[in-house]
>>> print(open('entry_3.txt').read())   # compact mmCIF, N, CA and C atoms
# COMPACT_ATOMS: atom_id res chain seq x y z
N MET A 1 96.02 85.79 61.77
CA MET A 1 97.25 85.17 61.32
C MET A 1 98.37 85.50 62.30
N SER A 2 99.19 84.54 62.67
CA SER A 2 100.25 84.74 63.64
C SER A 2 101.52 85.23 62.97
N SER A 3 102.27 86.03 63.71
CA SER A 3 103.58 86.47 63.21
C SER A 3 104.60 85.38 63.52
N GLU A 4 105.84 85.58 63.09
CA GLU A 4 106.89 84.60 63.32
C GLU A 4 107.10 84.33 64.80
N SER A 5 106.92 85.32 65.65
CA SER A 5 107.12 85.16 67.08
C SER A 5 105.95 84.44 67.74
N GLY A 6 104.91 84.14 66.95
CA GLY A 6 103.75 83.47 67.51
C GLY A 6 102.71 84.42 68.04
N PHE A 7 102.89 85.72 67.82
CA PHE A 7 101.94 86.72 68.27
C PHE A 7 101.15 87.24 67.08
N ASP A 8 99.87 87.43 67.29
CA ASP A 8 98.98 87.95 66.26
C ASP A 8 99.23 89.45 66.13
N PRO A 9 99.60 89.94 64.95
CA PRO A 9 99.91 91.36 64.79
C PRO A 9 98.68 92.27 64.93
N ASP A 10 97.48 91.68 64.93
CA ASP A 10 96.26 92.47 65.04
C ASP A 10 95.77 92.64 66.48
N VAL A 11 96.47 92.03 67.44
CA VAL A 11 96.09 92.12 68.86
C VAL A 11 97.29 92.63 69.64
N ALA A 12 97.05 93.52 70.59
CA ALA A 12 98.15 94.07 71.39
C ALA A 12 99.00 92.94 71.97
N THR A 13 100.29 93.04 71.75
CA THR A 13 101.20 91.97 72.16
C THR A 13 101.18 91.76 73.67
N TRP A 14 101.07 92.84 74.46
CA TRP A 14 101.05 92.67 75.91
C TRP A 14 99.84 91.86 76.34
N LYS A 15 98.70 92.02 75.64
CA LYS A 15 97.50 91.25 75.97
C LYS A 15 97.72 89.77 75.67
N GLN A 16 98.39 89.49 74.55
CA GLN A 16 98.65 88.10 74.17
C GLN A 16 99.62 87.44 75.15
N LEU A 17 100.63 88.20 75.60
CA LEU A 17 101.55 87.65 76.58
C LEU A 17 100.83 87.40 77.91
N ALA A 18 99.99 88.35 78.32
CA ALA A 18 99.21 88.16 79.55
C ALA A 18 98.33 86.92 79.42
N ASP A 19 97.72 86.71 78.25
CA ASP A 19 96.89 85.52 78.03
C ASP A 19 97.71 84.23 78.16
N ARG A 20 98.91 84.23 77.60
CA ARG A 20 99.77 83.04 77.68
C ARG A 20 100.14 82.74 79.13
N LEU A 21 100.53 83.78 79.86
CA LEU A 21 100.91 83.59 81.26
C LEU A 21 99.70 83.18 82.10
N ARG A 22 98.54 83.77 81.82
CA ARG A 22 97.30 83.43 82.53
C ARG A 22 96.97 81.94 82.32
N ARG A 23 97.10 81.48 81.08
CA ARG A 23 96.85 80.06 80.79
C ARG A 23 97.84 79.17 81.53
N ALA A 24 99.10 79.60 81.59
CA ALA A 24 100.11 78.81 82.31
C ALA A 24 99.78 78.73 83.79
N ILE A 25 99.25 79.79 84.35
CA ILE A 25 98.87 79.80 85.77
C ILE A 25 97.65 78.91 85.98
N ARG A 26 96.64 79.08 85.16
CA ARG A 26 95.40 78.32 85.35
C ARG A 26 95.57 76.83 85.08
N SER A 27 96.52 76.48 84.20
CA SER A 27 96.76 75.07 83.90
C SER A 27 97.67 74.41 84.94
N GLY A 28 98.30 75.23 85.78
CA GLY A 28 99.21 74.68 86.78
C GLY A 28 100.65 74.61 86.31
N GLN A 29 100.89 75.00 85.05
CA GLN A 29 102.27 75.03 84.55
C GLN A 29 103.10 75.99 85.41
N LEU A 30 102.48 77.11 85.81
CA LEU A 30 103.05 78.00 86.81
C LEU A 30 102.18 77.82 88.05
N ALA A 31 102.72 77.15 89.06
CA ALA A 31 101.94 76.76 90.23
C ALA A 31 101.88 77.86 91.29
N PRO A 32 100.86 77.82 92.15
CA PRO A 32 100.78 78.79 93.25
C PRO A 32 102.08 78.80 94.06
N GLY A 33 102.58 80.00 94.31
CA GLY A 33 103.82 80.16 95.06
C GLY A 33 105.08 80.11 94.22
N GLN A 34 104.94 79.69 92.97
CA GLN A 34 106.10 79.59 92.08
C GLN A 34 106.50 80.98 91.58
N ARG A 35 107.80 81.17 91.45
CA ARG A 35 108.31 82.44 90.92
C ARG A 35 107.96 82.55 89.44
N VAL A 36 107.47 83.72 89.06
CA VAL A 36 107.17 84.01 87.66
C VAL A 36 108.49 84.40 86.99
N PRO A 37 108.71 84.00 85.75
CA PRO A 37 109.94 84.42 85.08
C PRO A 37 110.13 85.93 85.16
N THR A 38 111.36 86.37 85.25
CA THR A 38 111.67 87.79 85.37
C THR A 38 111.32 88.53 84.08
N GLU A 39 111.20 89.84 84.19
CA GLU A 39 110.95 90.66 83.00
C GLU A 39 112.02 90.40 81.96
N LEU A 40 113.27 90.35 82.40
CA LEU A 40 114.38 90.14 81.46
C LEU A 40 114.26 88.80 80.75
N SER A 41 113.94 87.74 81.49
CA SER A 41 113.85 86.43 80.84
C SER A 41 112.66 86.37 79.88
N LEU A 42 111.53 86.99 80.25
CA LEU A 42 110.40 87.02 79.34
C LEU A 42 110.71 87.87 78.10
N THR A 43 111.42 88.98 78.30
CA THR A 43 111.84 89.83 77.19
C THR A 43 112.68 89.03 76.20
N GLN A 44 113.61 88.26 76.74
CA GLN A 44 114.49 87.48 75.87
C GLN A 44 113.77 86.29 75.23
N GLU A 45 112.97 85.58 76.02
CA GLU A 45 112.28 84.40 75.50
C GLU A 45 111.33 84.73 74.35
N PHE A 46 110.59 85.84 74.50
CA PHE A 46 109.59 86.18 73.50
C PHE A 46 110.04 87.30 72.56
N GLN A 47 111.26 87.80 72.74
CA GLN A 47 111.81 88.87 71.92
C GLN A 47 110.87 90.08 71.89
N LEU A 48 110.52 90.53 73.10
CA LEU A 48 109.61 91.66 73.28
C LEU A 48 110.31 92.78 74.03
N SER A 49 109.75 93.96 73.97
CA SER A 49 110.30 95.07 74.74
C SER A 49 109.96 94.88 76.22
N ARG A 50 110.78 95.47 77.05
CA ARG A 50 110.55 95.40 78.50
C ARG A 50 109.21 96.05 78.87
N LEU A 51 108.85 97.12 78.17
CA LEU A 51 107.58 97.80 78.42
C LEU A 51 106.39 96.87 78.14
N THR A 52 106.47 96.10 77.07
CA THR A 52 105.41 95.16 76.72
C THR A 52 105.27 94.09 77.80
N VAL A 53 106.39 93.55 78.24
CA VAL A 53 106.38 92.53 79.29
C VAL A 53 105.84 93.11 80.59
N ARG A 54 106.30 94.29 80.93
CA ARG A 54 105.87 94.95 82.18
C ARG A 54 104.35 95.17 82.17
N ARG A 55 103.82 95.58 81.04
CA ARG A 55 102.38 95.84 80.94
C ARG A 55 101.58 94.54 81.11
N ALA A 56 102.08 93.44 80.54
CA ALA A 56 101.41 92.14 80.68
C ALA A 56 101.41 91.70 82.15
N LEU A 57 102.55 91.87 82.82
CA LEU A 57 102.64 91.49 84.23
C LEU A 57 101.75 92.38 85.10
N GLN A 58 101.66 93.66 84.76
CA GLN A 58 100.78 94.56 85.50
C GLN A 58 99.33 94.12 85.38
N GLN A 59 98.94 93.67 84.21
CA GLN A 59 97.57 93.18 84.01
C GLN A 59 97.30 91.98 84.92
N LEU A 60 98.24 91.05 84.99
CA LEU A 60 98.05 89.87 85.83
C LEU A 60 98.03 90.24 87.32
N ARG A 61 98.82 91.25 87.69
CA ARG A 61 98.77 91.75 89.08
C ARG A 61 97.41 92.33 89.38
N SER A 62 96.87 93.10 88.46
CA SER A 62 95.57 93.74 88.70
C SER A 62 94.45 92.70 88.79
N GLU A 63 94.64 91.55 88.18
CA GLU A 63 93.66 90.46 88.25
C GLU A 63 93.86 89.61 89.51
N GLY A 64 94.94 89.87 90.24
CA GLY A 64 95.21 89.11 91.45
C GLY A 64 95.83 87.75 91.21
N LEU A 65 96.36 87.52 90.00
CA LEU A 65 96.96 86.23 89.70
C LEU A 65 98.41 86.14 90.14
N ILE A 66 99.10 87.27 90.19
CA ILE A 66 100.50 87.28 90.63
C ILE A 66 100.68 88.38 91.67
N VAL A 67 101.70 88.21 92.49
CA VAL A 67 102.02 89.21 93.50
C VAL A 67 103.51 89.51 93.45
N VAL A 68 103.86 90.75 93.76
CA VAL A 68 105.26 91.16 93.83
C VAL A 68 105.66 91.18 95.30
N VAL A 69 106.73 90.46 95.62
CA VAL A 69 107.26 90.46 96.97
C VAL A 69 108.56 91.26 96.92
N GLN A 70 108.57 92.39 97.64
CA GLN A 70 109.72 93.30 97.60
C GLN A 70 111.03 92.55 97.82
N SER A 71 111.98 92.78 96.97
CA SER A 71 113.33 92.22 97.01
C SER A 71 113.39 90.71 96.80
N ARG A 72 112.26 90.07 96.46
CA ARG A 72 112.28 88.63 96.23
C ARG A 72 111.83 88.25 94.83
N GLY A 73 110.92 89.03 94.26
CA GLY A 73 110.47 88.71 92.90
C GLY A 73 108.96 88.70 92.78
N THR A 74 108.51 88.15 91.67
CA THR A 74 107.09 88.06 91.36
C THR A 74 106.70 86.59 91.42
N PHE A 75 105.57 86.32 92.08
CA PHE A 75 105.14 84.94 92.32
C PHE A 75 103.68 84.76 91.93
N VAL A 76 103.34 83.52 91.58
CA VAL A 76 101.95 83.18 91.34
C VAL A 76 101.25 83.20 92.69
N ARG A 77 100.15 83.91 92.74
CA ARG A 77 99.40 84.03 93.99
C ARG A 77 98.85 82.67 94.38
N GLY A 78 99.01 82.33 95.63
CA GLY A 78 98.48 81.07 96.15
C GLY A 78 96.97 81.15 96.32
N GLU A 79 96.36 79.99 96.31
CA GLU A 79 94.92 79.95 96.58
C GLU A 79 94.71 80.33 98.03
N GLN A 80 93.73 81.13 98.28
CA GLN A 80 93.43 81.51 99.64
C GLN A 80 91.92 81.53 99.84
N GLU A 81 91.54 81.29 101.07
CA GLU A 81 90.12 81.33 101.36
C GLU A 81 89.62 82.76 101.27
N ARG A 82 88.39 82.88 100.83
CA ARG A 82 87.78 84.20 100.73
C ARG A 82 86.92 84.43 101.96
N ALA A 83 87.10 85.60 102.55
CA ALA A 83 86.24 85.99 103.66
C ALA A 83 84.90 86.45 103.08
N VAL A 84 83.83 86.15 103.78
CA VAL A 84 82.51 86.62 103.37
C VAL A 84 82.11 87.71 104.36
N VAL A 85 81.85 88.90 103.83
CA VAL A 85 81.47 90.04 104.66
C VAL A 85 80.04 90.42 104.29
N THR A 86 79.19 90.43 105.30
CA THR A 86 77.80 90.77 105.09
C THR A 86 77.56 92.23 105.44
N LEU A 87 76.96 92.96 104.51
CA LEU A 87 76.62 94.35 104.76
C LEU A 87 75.23 94.43 105.36
N GLY A 88 75.13 95.15 106.45
CA GLY A 88 73.82 95.40 107.06
C GLY A 88 73.21 96.64 106.46
N LYS A 89 71.97 96.92 106.85
CA LYS A 89 71.28 98.10 106.36
C LYS A 89 72.06 99.35 106.76
N GLY A 90 72.40 100.17 105.76
CA GLY A 90 73.14 101.40 106.02
C GLY A 90 74.65 101.26 105.93
N ASP A 91 75.17 100.02 105.92
CA ASP A 91 76.62 99.82 105.75
C ASP A 91 77.00 100.16 104.32
N GLN A 92 78.25 100.61 104.13
CA GLN A 92 78.72 100.97 102.80
C GLN A 92 80.06 100.30 102.53
N ALA A 93 80.28 99.93 101.28
CA ALA A 93 81.55 99.34 100.86
C ALA A 93 82.13 100.19 99.74
N GLN A 94 83.43 100.42 99.81
CA GLN A 94 84.13 101.21 98.80
C GLN A 94 85.39 100.47 98.39
N ALA A 95 85.64 100.39 97.11
CA ALA A 95 86.86 99.76 96.58
C ALA A 95 87.75 100.85 96.00
N ARG A 96 89.04 100.78 96.32
CA ARG A 96 90.01 101.72 95.76
C ARG A 96 91.41 101.19 96.00
N MET A 97 92.38 101.85 95.42
CA MET A 97 93.76 101.48 95.66
C MET A 97 94.18 102.03 97.02
N PRO A 98 94.86 101.23 97.83
CA PRO A 98 95.25 101.68 99.16
C PRO A 98 96.49 102.56 99.12
N ASP A 99 96.63 103.39 100.16
CA ASP A 99 97.88 104.12 100.32
C ASP A 99 98.86 103.17 101.02
N PRO A 100 100.14 103.52 101.10
CA PRO A 100 101.13 102.61 101.70
C PRO A 100 100.79 102.20 103.15
N ASP A 101 100.24 103.10 103.94
CA ASP A 101 99.88 102.75 105.32
C ASP A 101 98.76 101.71 105.34
N GLU A 102 97.76 101.88 104.49
CA GLU A 102 96.67 100.91 104.42
C GLU A 102 97.18 99.56 103.92
N ARG A 103 98.10 99.58 102.97
CA ARG A 103 98.66 98.33 102.45
C ARG A 103 99.31 97.54 103.58
N ARG A 104 100.06 98.24 104.43
CA ARG A 104 100.69 97.57 105.58
C ARG A 104 99.64 97.12 106.60
N LYS A 105 98.71 98.01 106.92
CA LYS A 105 97.70 97.74 107.94
C LYS A 105 96.86 96.51 107.61
N TYR A 106 96.48 96.37 106.34
CA TYR A 106 95.60 95.28 105.94
C TYR A 106 96.35 94.12 105.29
N GLY A 107 97.67 94.20 105.23
CA GLY A 107 98.47 93.10 104.68
C GLY A 107 98.24 92.87 103.20
N LEU A 108 98.16 93.95 102.43
CA LEU A 108 97.87 93.85 101.00
C LEU A 108 99.16 93.83 100.19
N HIS A 109 99.08 93.14 99.06
CA HIS A 109 100.20 93.12 98.13
C HIS A 109 100.13 94.36 97.25
N GLU A 110 101.28 94.74 96.73
CA GLU A 110 101.34 95.87 95.81
C GLU A 110 100.41 95.59 94.62
N GLY A 111 99.60 96.58 94.27
CA GLY A 111 98.68 96.42 93.16
C GLY A 111 97.32 95.84 93.54
N GLU A 112 97.15 95.45 94.80
CA GLU A 112 95.87 94.87 95.23
C GLU A 112 94.96 95.96 95.79
N PRO A 113 93.75 96.08 95.26
CA PRO A 113 92.82 97.07 95.80
C PRO A 113 92.36 96.71 97.20
N VAL A 114 91.91 97.71 97.92
CA VAL A 114 91.36 97.50 99.26
C VAL A 114 89.85 97.72 99.18
N ILE A 115 89.12 96.93 99.95
CA ILE A 115 87.68 97.14 100.12
C ILE A 115 87.50 97.68 101.53
N LEU A 116 86.98 98.88 101.65
CA LEU A 116 86.72 99.48 102.96
C LEU A 116 85.22 99.42 103.23
N VAL A 117 84.87 98.77 104.32
CA VAL A 117 83.48 98.64 104.73
C VAL A 117 83.27 99.58 105.91
N THR A 118 82.35 100.52 105.74
CA THR A 118 82.01 101.45 106.81
C THR A 118 80.66 101.03 107.37
N ARG A 119 80.68 100.64 108.64
CA ARG A 119 79.45 100.21 109.31
C ARG A 119 78.65 101.44 109.74
N THR A 120 77.38 101.24 110.03
CA THR A 120 76.52 102.36 110.42
C THR A 120 77.00 103.03 111.70
N ASN A 121 77.75 102.31 112.54
CA ASN A 121 78.27 102.91 113.78
C ASN A 121 79.58 103.66 113.55
N GLY A 122 80.04 103.75 112.27
CA GLY A 122 81.26 104.47 111.94
C GLY A 122 82.52 103.62 111.91
N GLU A 123 82.44 102.37 112.37
CA GLU A 123 83.59 101.47 112.35
C GLU A 123 83.96 101.15 110.91
N VAL A 124 85.28 101.16 110.61
CA VAL A 124 85.76 100.87 109.26
C VAL A 124 86.57 99.58 109.29
N GLU A 125 86.24 98.68 108.38
CA GLU A 125 86.96 97.41 108.22
C GLU A 125 87.60 97.41 106.85
N GLY A 126 88.81 96.87 106.73
CA GLY A 126 89.49 96.82 105.45
C GLY A 126 89.81 95.39 105.05
N TYR A 127 89.66 95.10 103.77
CA TYR A 127 89.91 93.76 103.23
C TYR A 127 90.61 93.87 101.89
N GLY A 128 91.44 92.89 101.58
CA GLY A 128 92.03 92.81 100.25
C GLY A 128 90.95 92.40 99.26
N ALA A 129 90.88 93.11 98.14
CA ALA A 129 89.82 92.84 97.16
C ALA A 129 89.88 91.43 96.59
N HIS A 130 91.06 90.81 96.61
CA HIS A 130 91.20 89.47 96.03
C HIS A 130 90.87 88.38 97.04
N SER A 131 90.50 88.77 98.27
CA SER A 131 90.27 87.74 99.28
C SER A 131 88.95 87.94 100.03
N VAL A 132 88.01 88.67 99.45
CA VAL A 132 86.75 88.92 100.13
C VAL A 132 85.58 88.88 99.16
N THR A 133 84.45 88.40 99.68
CA THR A 133 83.19 88.44 98.94
C THR A 133 82.22 89.26 99.79
N ILE A 134 81.63 90.26 99.17
CA ILE A 134 80.69 91.14 99.88
C ILE A 134 79.28 90.69 99.54
N VAL A 135 78.46 90.46 100.57
CA VAL A 135 77.06 90.11 100.37
C VAL A 135 76.19 91.05 101.18
N GLY A 136 74.96 91.15 100.80
CA GLY A 136 74.08 92.00 101.61
C GLY A 136 72.91 92.42 100.93
>>> encode(input="entry_3.txt", output="structure tokens")
Amino acid sequence: MSSESGFDPDVATWKQLADRLRRAIRSGQLAPGQRVPTELSLTQEFQLSRLTVRRALQQLRSEGLIVVVQSRGTFVRGEQERAVVTLGKGDQAQARMPDPDERRKYGLHEGEPVILVTRTNGEVEGYGAHSVTIVG
């Protein structure tokens, strides 16, 4: 049963807001490259706490659907081609959150994990987790 605000009281509100925004992105209502409404505007529109809105946006960032551009705002991530990386025998891949230097080095957005591929010869390659497919 829905509450007056349109949110189901039996499901975490931040999850429901993330679902609404995810649907808006996937339907094209929020298009690639388009600015996502600010925390303040979402707080006011849905009469939610800033913490609830922030948590919903963090979820969408972790899914790679939105990106934060420093001093500009939050935007719907554009479609991008995925690199295909093939692992050879003995190569290893590791996923983790990058440190600030790695984020700059590999051109990653805040909140985007890095995939580090270590080749058998010791060479390390880094890729944004939202833009690579690992095969092998």
>>> select_by_dssp(input="entry_3.txt", residues="chain A", states="alpha helix (DSSP H)", output="ChimeraX atom specification")
/A:13-27,39-46,50-62,100-106
>>> atom_distance(input="entry_3.txt", atom1="CA of Gly6 (chain A)", atom2="atom C of Val68 (chain A)")
28.9 Å
>>> residues_around(input="entry_3.txt", residues="region 31-45 of chain A", least_positions_apart="5", cutoff="6 Å", atoms="all atoms listed in the file", output="count of residues only")
8
>>> atom_distance(input="entry_3.txt", atom1="CA of Leu87 (chain A)", atom2="CA of Val135 (chain A)")
6.1 Å
>>> atom_distance(input="entry_3.txt", atom1="CA of Ala83 (chain A)", atom2="CA of Arg22 (chain A)")
24.0 Å
>>> decode(input="entry_3.txt", residues="region 93-104 of chain A", atoms="N, CA and C atoms", output="PDB file, in the first residue's frame")
ATOM      1  N   ALA A  93      42.834 -10.231 -12.773  1.00  0.00           N
ATOM      2  CA  ALA A  93      42.031  -9.006 -12.750  1.00  0.00           C
ATOM      3  C   ALA A  93      41.528  -8.782 -11.336  1.00  0.00           C
ATOM      4  N   GLN A  94      41.580  -7.533 -10.903  1.00  0.00           N
ATOM      5  CA  GLN A  94      41.126  -7.167  -9.562  1.00  0.00           C
ATOM      6  C   GLN A  94      40.251  -5.927  -9.675  1.00  0.00           C
ATOM      7  N   ALA A  95      39.121  -5.935  -9.013  1.00  0.00           N
ATOM      8  CA  ALA A  95      38.222  -4.777  -8.978  1.00  0.00           C
ATOM      9  C   ALA A  95      38.263  -4.175  -7.585  1.00  0.00           C
ATOM     10  N   ARG A  96      38.358  -2.845  -7.532  1.00  0.00           N
ATOM     11  CA  ARG A  96      38.320  -2.140  -6.246  1.00  0.00           C
ATOM     12  C   ARG A  96      38.082  -0.664  -6.505  1.00  0.00           C
ATOM     13  N   MET A  97      37.881   0.069  -5.439  1.00  0.00           N
ATOM     14  CA  MET A  97      37.731   1.512  -5.570  1.00  0.00           C
ATOM     15  C   MET A  97      39.121   2.125  -5.740  1.00  0.00           C
ATOM     16  N   PRO A  98      39.273   3.051  -6.681  1.00  0.00           N
ATOM     17  CA  PRO A  98      40.582   3.644  -6.929  1.00  0.00           C
ATOM     18  C   PRO A  98      40.923   4.724  -5.916  1.00  0.00           C
ATOM     19  N   ASP A  99      42.227   4.962  -5.758  1.00  0.00           N
ATOM     20  CA  ASP A  99      42.640   6.114  -4.965  1.00  0.00           C
ATOM     21  C   ASP A  99      42.593   7.335  -5.903  1.00  0.00           C
ATOM     22  N   PRO A 100      42.725   8.545  -5.377  1.00  0.00           N
ATOM     23  CA  PRO A 100      42.619   9.745  -6.226  1.00  0.00           C
ATOM     24  C   PRO A 100      43.609   9.761  -7.403  1.00  0.00           C
ATOM     25  N   ASP A 101      44.822   9.276  -7.201  1.00  0.00           N
ATOM     26  CA  ASP A 101      45.796   9.248  -8.297  1.00  0.00           C
ATOM     27  C   ASP A 101      45.344   8.300  -9.410  1.00  0.00           C
ATOM     28  N   GLU A 102      44.832   7.135  -9.039  1.00  0.00           N
ATOM     29  CA  GLU A 102      44.344   6.187 -10.040  1.00  0.00           C
ATOM     30  C   GLU A 102      43.123   6.756 -10.767  1.00  0.00           C
ATOM     31  N   ARG A 103      42.270   7.455 -10.044  1.00  0.00           N
ATOM     32  CA  ARG A 103      41.086   8.051 -10.673  1.00  0.00           C
ATOM     33  C   ARG A 103      41.514   9.014 -11.778  1.00  0.00           C
ATOM     34  N   ARG A 104      42.523   9.830 -11.487  1.00  0.00           N
ATOM     35  CA  ARG A 104      43.036  10.753 -12.507  1.00  0.00           C
ATOM     36  C   ARG A 104      43.732  10.006 -13.641  1.00  0.00           C
TER      37      ARG A 104
END
